[in-house]
$ cat run39.txt   # compact mmCIF, C-alpha atoms and all ligand atoms
# COMPACT_ATOMS: atom_id res chain seq x y z
CA MET A 1 40.71 63.48 -90.13
CA GLU A 2 39.46 67.00 -90.46
CA TYR A 3 36.86 67.94 -87.83
CA LYS A 4 33.42 68.62 -89.31
CA PRO A 5 31.09 70.63 -87.12
CA GLU A 6 27.45 69.59 -86.94
CA TRP A 7 25.64 72.88 -86.73
CA GLN A 8 22.20 73.15 -85.19
CA ILE A 9 20.09 76.26 -84.97
CA ILE A 10 19.60 77.61 -81.47
CA GLY A 11 17.33 80.51 -82.42
CA GLU A 12 17.05 84.09 -83.64
CA ILE A 13 19.91 86.37 -82.69
CA LYS A 14 17.62 89.26 -81.95
CA GLU A 15 15.75 87.25 -79.37
CA LEU A 16 18.72 85.46 -77.85
CA ALA A 17 20.56 88.75 -77.36
CA GLN A 18 17.85 89.95 -74.99
CA LYS A 19 19.28 88.08 -71.98
CA PRO A 20 22.85 88.12 -70.68
CA LEU A 21 22.45 84.52 -69.45
CA GLN A 22 19.87 81.90 -70.28
CA GLU A 23 19.32 78.18 -70.22
CA ILE A 24 18.82 76.55 -73.61
CA SER A 25 17.85 72.92 -74.18
CA ILE A 26 18.90 71.26 -77.39
CA SER A 27 17.72 67.65 -77.49
CA LYS A 28 18.77 66.48 -74.03
CA THR A 29 21.70 68.85 -73.71
CA LYS A 30 21.40 71.87 -71.44
CA ILE A 31 23.45 74.90 -72.38
CA ALA A 32 24.21 78.07 -70.45
CA LEU A 33 24.18 80.68 -73.23
CA THR A 34 25.62 84.13 -72.52
CA TYR A 35 25.53 87.38 -74.44
CA LEU A 36 28.15 89.83 -73.25
CA ASP A 37 29.75 92.83 -74.97
CA GLY A 38 28.06 91.89 -78.26
CA ASN A 39 29.31 88.26 -78.26
CA PHE A 40 27.62 84.94 -77.60
CA SER A 41 29.29 82.09 -75.68
CA ALA A 42 28.03 78.67 -74.73
CA VAL A 43 29.08 76.38 -71.90
CA SER A 44 27.46 73.35 -70.31
CA GLY A 45 24.30 74.06 -68.35
CA PHE A 46 25.28 71.56 -65.62
CA CYS A 47 27.45 72.58 -62.71
CA ASN A 48 30.39 70.39 -61.72
CA HIS A 49 29.36 70.36 -58.10
CA SER A 50 25.90 68.75 -57.92
CA GLY A 51 24.55 69.42 -61.39
CA GLY A 52 22.99 72.82 -60.63
CA PRO A 53 21.40 74.65 -63.61
CA LEU A 54 24.07 77.19 -64.59
CA GLY A 55 21.85 78.82 -67.22
CA ARG A 56 19.58 79.94 -64.38
CA GLY A 57 22.41 81.45 -62.38
CA LYS A 58 23.91 84.94 -62.47
CA LEU A 59 26.50 86.45 -64.77
CA SER A 60 28.97 88.93 -63.40
CA ASP A 61 32.62 89.81 -64.11
CA GLY A 62 32.63 87.16 -66.84
CA TYR A 63 31.69 84.34 -64.46
CA ILE A 64 28.45 82.39 -64.24
CA THR A 65 27.49 81.76 -60.63
CA CYS A 66 25.58 78.53 -60.02
CA PRO A 67 22.21 79.24 -58.42
CA TRP A 68 22.50 76.26 -56.06
CA HIS A 69 25.71 76.77 -54.07
CA ASN A 70 27.54 79.61 -55.83
CA TRP A 71 30.32 77.76 -57.64
CA LYS A 72 31.60 79.94 -60.52
CA PHE A 73 32.64 79.13 -64.07
CA HIS A 74 33.92 81.46 -66.79
CA HIS A 75 31.26 82.07 -69.42
CA LYS A 76 33.74 81.59 -72.30
CA THR A 77 36.48 79.23 -71.14
CA GLY A 78 34.30 77.13 -68.80
CA LYS A 79 37.09 77.30 -66.21
CA GLY A 80 36.42 77.58 -62.50
CA GLU A 81 37.05 80.87 -60.72
CA PRO A 82 40.65 81.86 -59.85
CA GLY A 83 42.15 79.15 -57.68
CA PHE A 84 39.86 76.49 -59.19
CA GLU A 85 40.80 76.82 -62.88
CA SER A 86 41.40 73.10 -63.33
CA ASP A 87 37.73 72.53 -62.54
CA CYS A 88 36.10 73.14 -65.89
CA ILE A 89 32.85 72.57 -67.69
CA PRO A 90 32.44 71.90 -71.44
CA THR A 91 32.43 74.80 -73.90
CA TYR A 92 30.80 74.73 -77.35
CA LEU A 93 31.47 76.25 -80.78
CA LEU A 94 28.93 78.81 -81.98
CA LYS A 95 28.47 80.60 -85.28
CA ILE A 96 26.14 83.17 -86.73
CA GLU A 97 24.38 82.57 -90.04
CA GLY A 98 22.17 85.38 -91.21
CA ASP A 99 19.90 86.20 -88.30
CA LYS A 100 20.37 82.81 -86.59
CA LEU A 101 22.72 81.51 -83.94
CA LEU A 102 24.03 77.95 -84.41
CA ILE A 103 25.82 75.54 -82.09
CA ASP A 104 27.92 72.45 -82.64
CA LEU A 105 27.17 70.12 -79.73
CA ALA A 106 29.85 67.65 -80.80
CA SER A 107 32.48 70.32 -80.19
CA ALA A 108 32.08 70.03 -76.42
CA SER A 109 35.42 70.31 -74.66
CA PRO A 110 36.01 67.79 -71.88
CA ARG A 111 34.58 68.33 -68.43
CA HIS A 112 37.12 68.13 -65.65
CA LYS A 113 36.25 67.80 -62.01
CA SER A 114 39.18 68.50 -59.78
CA PRO A 115 39.22 66.49 -56.62
CA HIS A 116 37.70 68.56 -53.83
CA ALA A 117 38.47 67.31 -50.37
CA ALA A 118 35.33 65.68 -49.04
CA HIS A 119 33.81 67.37 -46.02
CA PRO A 120 34.61 65.34 -42.87
CA LEU A 121 30.89 64.80 -42.24
CA ALA A 122 30.58 63.06 -45.61
CA ARG A 123 32.46 60.01 -44.31
CA GLU A 124 30.65 56.70 -43.91
CA VAL A 125 28.31 56.65 -40.93
CA LYS A 126 29.51 53.70 -38.89
CA ARG A 127 29.26 53.17 -35.17
CA SER A 128 32.70 52.82 -33.63
CA PRO A 129 32.95 50.27 -30.85
CA GLY A 130 32.73 51.38 -27.24
CA PRO A 131 30.22 52.17 -24.55
CA ILE A 132 26.80 53.57 -25.36
CA ARG A 133 27.00 57.28 -26.18
CA VAL A 134 24.31 59.65 -24.98
CA LEU A 135 23.90 63.12 -26.43
CA GLY A 136 21.79 65.73 -24.67
CA ILE A 137 20.53 68.63 -26.79
CA SER A 138 19.25 71.68 -24.96
CA THR A 139 17.05 73.77 -27.22
CA THR A 140 16.01 76.47 -24.80
CA ASN A 141 17.20 79.95 -25.60
CA MET A 142 18.71 82.34 -23.09
CA ASP A 143 21.31 85.01 -22.57
CA GLU A 144 24.36 82.83 -22.05
CA SER A 145 26.28 85.58 -20.27
CA ASN A 146 23.46 85.95 -17.76
CA PRO A 147 21.79 82.54 -17.67
CA ARG A 148 18.47 81.77 -15.99
CA THR A 149 17.39 78.41 -14.63
CA SER A 150 15.56 76.37 -17.25
CA THR A 151 13.26 73.53 -16.24
CA SER A 152 13.94 71.53 -19.41
CA ASP A 153 17.68 71.94 -18.82
CA LEU A 154 17.34 70.90 -15.17
CA LEU A 155 15.81 67.58 -16.18
CA LEU A 156 18.21 67.11 -19.08
CA GLU A 157 21.10 67.49 -16.66
CA VAL A 158 19.58 64.85 -14.36
CA ALA A 159 19.23 62.44 -17.30
CA ILE A 160 22.76 63.03 -18.59
CA LYS A 161 24.37 62.74 -15.15
CA HIS A 162 22.52 59.47 -14.56
CA ALA A 163 23.63 58.15 -17.95
CA SER A 164 27.23 58.92 -17.13
CA ALA A 165 27.55 58.20 -13.41
CA THR A 166 25.23 55.21 -13.00
CA LEU A 167 24.79 53.75 -16.46
CA LYS A 168 28.44 54.30 -17.47
CA ALA A 169 27.59 55.78 -20.84
CA GLU A 170 29.79 58.31 -22.63
CA VAL A 171 27.94 61.60 -22.60
CA GLN A 172 27.98 65.08 -24.08
CA THR A 173 25.54 67.96 -24.05
CA ILE A 174 25.06 70.53 -26.79
CA ARG A 175 23.36 73.79 -25.94
CA LEU A 176 21.95 75.29 -29.12
CA SER A 177 21.98 78.74 -27.53
CA GLN A 178 25.79 78.56 -27.46
CA LEU A 179 26.11 77.81 -31.18
CA GLN A 180 26.18 80.28 -34.03
CA PHE A 181 24.33 78.71 -36.92
CA ARG A 182 22.31 79.95 -39.84
CA ALA A 183 18.66 79.14 -40.33
CA CYS A 184 17.86 76.79 -43.21
CA GLU A 185 17.89 78.82 -46.43
CA GLY A 186 15.59 76.51 -48.35
CA TYR A 187 18.02 74.82 -50.75
CA TYR A 188 15.47 72.04 -51.00
CA SER A 189 13.03 74.56 -52.40
CA LYS A 190 15.46 75.38 -55.24
CA ALA A 191 15.66 71.71 -56.21
CA ALA A 192 15.63 68.40 -54.32
CA ARG A 193 19.31 67.79 -55.12
CA ALA A 194 20.38 71.30 -54.11
CA CYS A 195 19.84 70.21 -50.49
CA THR A 196 22.94 68.11 -49.93
CA TRP A 197 24.57 66.06 -47.21
CA PRO A 198 26.52 67.60 -45.57
CA CYS A 199 24.16 70.57 -45.55
CA SER A 200 24.79 73.13 -48.31
CA ILE A 201 25.39 75.84 -45.70
CA THR A 202 27.86 73.65 -43.79
CA GLN A 203 29.82 73.05 -46.99
CA MET A 204 29.93 76.74 -47.87
CA ASP A 205 30.32 78.42 -44.51
CA PRO A 206 33.12 77.21 -42.24
CA GLU A 207 31.89 79.55 -39.49
CA ASP A 208 28.52 77.84 -39.25
CA GLN A 209 28.41 75.70 -36.09
CA MET A 210 25.53 73.41 -36.97
CA GLU A 211 28.34 71.06 -37.93
CA LYS A 212 28.74 70.21 -34.24
CA VAL A 213 25.15 68.98 -34.09
CA TYR A 214 25.53 66.91 -37.26
CA GLU A 215 28.77 65.37 -36.03
CA ALA A 216 27.35 64.44 -32.62
CA PHE A 217 23.88 63.43 -33.79
CA VAL A 218 24.67 61.54 -36.98
CA HIS A 219 28.15 60.15 -36.32
CA TRP A 220 28.58 59.91 -32.56
CA ALA A 221 25.43 59.32 -30.52
CA ASP A 222 23.46 56.14 -29.89
CA VAL A 223 20.90 57.93 -27.74
CA VAL A 224 19.80 61.54 -28.16
CA VAL A 225 17.79 63.25 -25.43
CA ILE A 226 16.14 66.41 -26.72
CA ALA A 227 15.02 68.92 -24.10
CA THR A 228 12.62 71.68 -25.06
CA PRO A 229 10.48 74.23 -23.31
CA ILE A 230 6.98 74.87 -24.61
CA ARG A 231 6.71 78.24 -26.32
CA TRP A 232 3.22 79.27 -27.37
CA GLY A 233 2.15 75.67 -27.54
CA ASN A 234 5.15 74.54 -29.59
CA ALA A 235 8.73 73.41 -29.14
CA SER A 236 11.29 76.22 -28.89
CA SER A 237 12.30 78.29 -31.90
CA LEU A 238 15.87 76.97 -31.59
CA TYR A 239 14.53 73.41 -31.80
CA TYR A 240 12.83 74.29 -35.09
CA LYS A 241 15.92 76.10 -36.34
CA MET A 242 17.91 72.92 -35.71
CA VAL A 243 15.47 70.49 -37.29
CA GLU A 244 14.96 72.64 -40.37
CA ARG A 245 18.71 72.33 -40.90
CA MET A 246 18.29 68.55 -40.61
CA ASN A 247 16.25 68.43 -43.79
CA CYS A 248 19.50 67.35 -45.45
CA VAL A 249 19.46 64.15 -43.37
CA GLN A 250 15.94 63.26 -44.45
CA ASN A 251 16.64 64.38 -47.99
CA GLN A 252 19.33 61.73 -48.41
CA ILE A 253 16.60 59.12 -48.06
CA THR A 254 14.42 60.69 -50.70
CA ILE A 255 17.03 61.65 -53.30
CA ALA A 256 19.68 58.99 -52.80
CA ASN A 257 17.97 56.15 -50.92
CA ARG A 258 20.64 56.63 -48.28
CA GLN A 259 19.70 56.28 -44.64
CA LEU A 260 22.16 58.16 -42.46
CA ILE A 261 20.43 57.32 -39.19
CA THR A 262 20.37 53.74 -37.99
CA ASN A 263 20.21 52.28 -34.49
CA LYS A 264 19.60 55.64 -32.91
CA VAL A 265 17.14 56.20 -30.12
CA VAL A 266 15.61 59.58 -29.40
CA SER A 267 13.76 60.54 -26.23
CA MET A 268 12.39 63.87 -25.10
CA ILE A 269 11.99 66.15 -22.14
CA ILE A 270 9.22 68.72 -22.57
CA THR A 271 8.41 71.35 -19.96
CA GLY A 272 6.23 74.40 -19.98
CA GLY A 273 4.33 76.72 -17.74
CA GLN A 274 1.02 76.07 -19.42
CA ASP A 275 0.03 73.21 -21.69
CA ASN A 276 0.24 71.44 -25.07
CA ILE A 277 2.66 68.71 -24.07
CA GLN A 278 1.12 66.04 -26.29
CA SER A 279 1.08 68.31 -29.29
CA VAL A 280 4.78 69.17 -28.84
CA ALA A 281 5.61 65.49 -28.32
CA GLY A 282 3.71 64.66 -31.51
CA GLN A 283 5.78 67.20 -33.46
CA LEU A 284 9.05 65.80 -32.18
CA LEU A 285 8.04 62.18 -32.70
CA GLY A 286 6.95 62.97 -36.23
CA PHE A 287 10.22 64.60 -37.19
CA PHE A 288 12.61 62.09 -35.65
CA SER A 289 10.69 59.12 -37.01
CA GLU A 290 10.98 60.61 -40.53
CA ILE A 291 14.76 60.57 -40.37
CA GLY A 292 14.98 56.98 -39.13
CA CYS A 293 15.23 57.31 -35.34
CA THR A 294 13.67 54.83 -32.95
CA PHE A 295 11.95 55.54 -29.64
CA PRO A 296 11.97 53.74 -26.34
CA PRO A 297 8.67 52.74 -24.75
CA PHE A 298 7.24 55.94 -23.25
CA PRO A 299 9.58 58.20 -25.22
CA TYR A 300 9.05 61.43 -23.31
CA ILE A 301 8.63 62.94 -19.89
CA ALA A 302 6.99 66.27 -19.41
CA HIS A 303 5.76 68.85 -16.96
CA SER A 304 3.29 71.68 -17.20
CA ARG A 305 0.85 73.26 -14.79
CA GLY A 306 -2.10 74.03 -17.01
CA TRP A 307 -3.57 77.03 -18.73
CA THR A 308 -4.36 79.00 -15.57
CA ALA A 309 -0.80 78.82 -14.23
CA GLU A 310 0.61 82.29 -14.86
CA ASP A 311 2.96 82.29 -11.85
CA MET A 312 5.87 81.06 -13.89
CA GLU A 313 8.37 81.67 -11.11
CA LYS A 314 6.97 78.63 -9.32
CA ASN A 315 7.85 76.27 -12.18
CA VAL A 316 11.55 76.13 -11.44
CA ILE A 317 10.91 75.37 -7.77
CA GLN A 318 8.36 72.69 -8.59
CA VAL A 319 10.55 70.98 -11.15
CA SER A 320 13.72 71.12 -9.10
CA GLU A 321 11.95 69.75 -6.03
CA SER A 322 9.99 67.03 -7.83
CA LYS A 323 11.34 63.58 -7.05
CA ASP A 324 8.98 62.12 -9.65
CA LEU A 325 10.41 64.24 -12.43
CA ARG A 326 14.00 63.47 -11.41
CA SER A 327 13.36 59.75 -11.33
CA GLY A 328 11.34 60.13 -14.54
CA ALA A 329 14.35 61.71 -16.28
CA GLN A 330 16.59 58.91 -15.04
CA ALA A 331 14.17 56.21 -16.13
CA LEU A 332 13.80 57.88 -19.55
CA VAL A 333 17.50 57.70 -20.28
CA GLU A 334 17.66 54.19 -18.88
CA ARG A 335 14.87 53.01 -21.22
CA SER A 336 16.57 54.74 -24.11
CA ILE A 337 19.89 53.04 -23.42
CA GLU A 338 18.27 49.62 -23.01
CA THR A 339 16.42 50.07 -26.30
CA VAL A 340 19.48 51.05 -28.27
CA LYS A 341 21.54 48.25 -26.72
CA MET A 342 19.01 45.72 -27.97
CA MET A 343 19.14 47.26 -31.42
CA ILE A 344 22.91 47.25 -31.59
CA GLU A 345 23.24 43.72 -30.24
CA THR A 346 20.73 42.33 -32.72
CA GLU A 347 22.09 44.44 -35.60
CA GLN A 348 18.71 45.91 -36.39
CA GLU A 349 20.11 48.27 -38.96
CA LYS A 350 20.69 45.40 -41.34
CA LYS A 351 17.14 44.15 -40.92
CA LEU A 352 15.10 47.31 -40.91
CA GLU A 353 15.64 49.21 -44.12
CA ARG A 354 13.23 51.98 -44.94
CA GLY A 355 12.64 50.80 -48.50
CA GLY A 356 10.12 52.28 -50.90
CA ARG A 357 12.55 54.68 -52.55
CA LYS A 358 14.56 52.60 -55.00
CA ASP A 359 12.21 53.35 -57.88
CA HIS A 360 12.40 57.05 -57.12
CA ASP A 361 16.15 57.36 -56.87
CA LEU A 362 17.00 60.81 -58.23
CA ALA A 363 20.72 60.58 -57.57
S1 LIG B 401 27.36 74.98 -56.83
FE1 LIG B 401 26.42 74.22 -58.56
S2 LIG B 401 25.40 72.49 -57.87
FE2 LIG B 401 26.38 73.18 -56.08

$ encode --input "run39.txt" --output "structure tokens"
Amino acid sequence: MEYKPEWQIIGEIKELAQKPLQEISISKTKIALTYLDGNFSAVSGFCNHSGGPLGRGKLSDGYITCPWHNWKFHHKTGKGEPGFESDCIPTYLLKIEGDKLLIDLASASPRHKSPHAAHPLAREVKRSPGPIRVLGISTTNMDESNPRTSTSDLLLEVAIKHASATLKAEVQTIRLSQLQFRACEGYYSKAARACTWPCSITQMDPEDQMEKVYEAFVHWADVVVIATPIRWGNASSLYYKMVERMNCVQNQITIANRQLITNKVVSMIITGGQDNIQSVAGQLLGFFSEIGCTFPPFPYIAHSRGWTAEDMEKNVIQVSESKDLRSGAQALVERSIETVKMMIETEQEKKLERGGRKDHDLA
């Protein structure tokens, strides 16, 4: 049977020709309309990757770049950029009648999503059998080629050694100061679904080393001990750089009702020359509870010498010589391990769903 287009008016040519790329909505269909070298073209307004709004992207060298994670599609053929041509988005027939531009929505060519190898982090989060695994994360910053002694690191080391030598846990420590990773670039602020798991930056930038934190935190560890100094009354800037990048973990709960963190216990070591321990602890507890972590009783140990203590050089001596702090660090990791063991043995993850998101599932 002969194909009969169903033309619909998009708008006035004079107006539509003002912008090289724009998003047009016709009924529920979103179109990325381009005007280049005196010609109009129309392709789907939804990106193949995560549905980004192509009509709000950029047009250059004939390709529309998605504003969410930079995938590219040809403005006329709908094909992906060179190397990804089999990935294509629908194209539409257009015609000009008088001073109007018309489109035939029924003419949409098929969308084709080529299989893209899933990022290794995207695999199912499932605890593999074996001893309890304890991850230490040092968030203090320093010149790694000329390191100083850090009080938070001193106590973290005590905790991790105790976990390994006495409690027979598997252990690893990540020092954020040794990783090269980008700060969060606010994909969530573009759109809730633009902030993906794995993180948008991790998927785009193979050099970014935040992947090591995700792998160890989300997939490997049962217990995570976070060590931070107090900097101007807050946790360290590297701590915040890390947790901002963990928005993608929390975001899975809100956009896909998917809880990546289960049966994971977090405890903290907080040290500073002056004060604000409880405020820092409150910040950390707030963040890790939001992503589904659990805490042992008495989830942190801390040390500070008060507002008048300006002789910072004495801190290292005090902390390294304090038997209380050493035994405190050991007891902290012990409590954390006991807590997570109980959770694993009683399969808490099956019983304690977050809930409250099913009606808001945006995925
Ligand atoms: S590149 Fe378009 S949604 Fe990710």

$ residues_near_ligand --input "run39.txt" --ligand "ligand LIG 401 (chain B)" --cutoff "8 Å" --atoms "all atoms listed in the file" --output "list in words"
Phe46, Cys47, Asn48, His49, Ser50, Gly51, Gly52, Pro53, Leu54, Thr65, Cys66, Pro67, Trp68, His69, Asn70, Trp71, Lys72, Ala194 and Ser200 of chain A

$ atom_distance --input "run39.txt" --atom1 "CA of Leu121 in chain A" --atom2 "CA of Ala256 in chain A"
16.5 Å

$ closest_residue --input "run39.txt" --among "A:Asn146, A:Asn247, A:Thr262, A:Thr166" --to "Gln330 in chain A" --atoms "all atoms listed in the file"
A:Thr166

$ atom_distance --input "run39.txt" --atom1 "CA of Val265 in chain A" --atom2 "CA of Gly306 in chain A"
29.3 Å

$ closest_residue --input "run39.txt" --among "A:Val158, A:Val225, A:Ala118, A:Ile253" --to "Leu325 in chain A" --atoms "only C-alpha atoms"
A:Val158

$ residues_around --input "run39.txt" --residues "Glu81 in chain A" --least-positions-apart "5" --cutoff "12 Å" --atoms "only C-alpha atoms" --output "PyMOL selection string"
chain A and resi 60-66+70-75+86-89

$ write_last_selection --input "run39.txt" --atoms "C-alpha atoms" --output "compact mmCIF listing (two decimals), in the frame of the given file"
# COMPACT_ATOMS: atom_id res chain seq x y z
CA SER A 60 28.97 88.93 -63.40
CA ASP A 61 32.62 89.81 -64.11
CA GLY A 62 32.63 87.16 -66.84
CA TYR A 63 31.69 84.34 -64.46
CA ILE A 64 28.45 82.39 -64.24
CA THR A 65 27.49 81.76 -60.63
CA CYS A 66 25.58 78.53 -60.02
CA ASN A 70 27.54 79.61 -55.83
CA TRP A 71 30.32 77.76 -57.64
CA LYS A 72 31.60 79.94 -60.52
CA PHE A 73 32.64 79.13 -64.07
CA HIS A 74 33.92 81.46 -66.79
CA HIS A 75 31.26 82.07 -69.42
CA SER A 86 41.40 73.10 -63.33
CA ASP A 87 37.73 72.53 -62.54
CA CYS A 88 36.10 73.14 -65.89
CA ILE A 89 32.85 72.57 -67.69
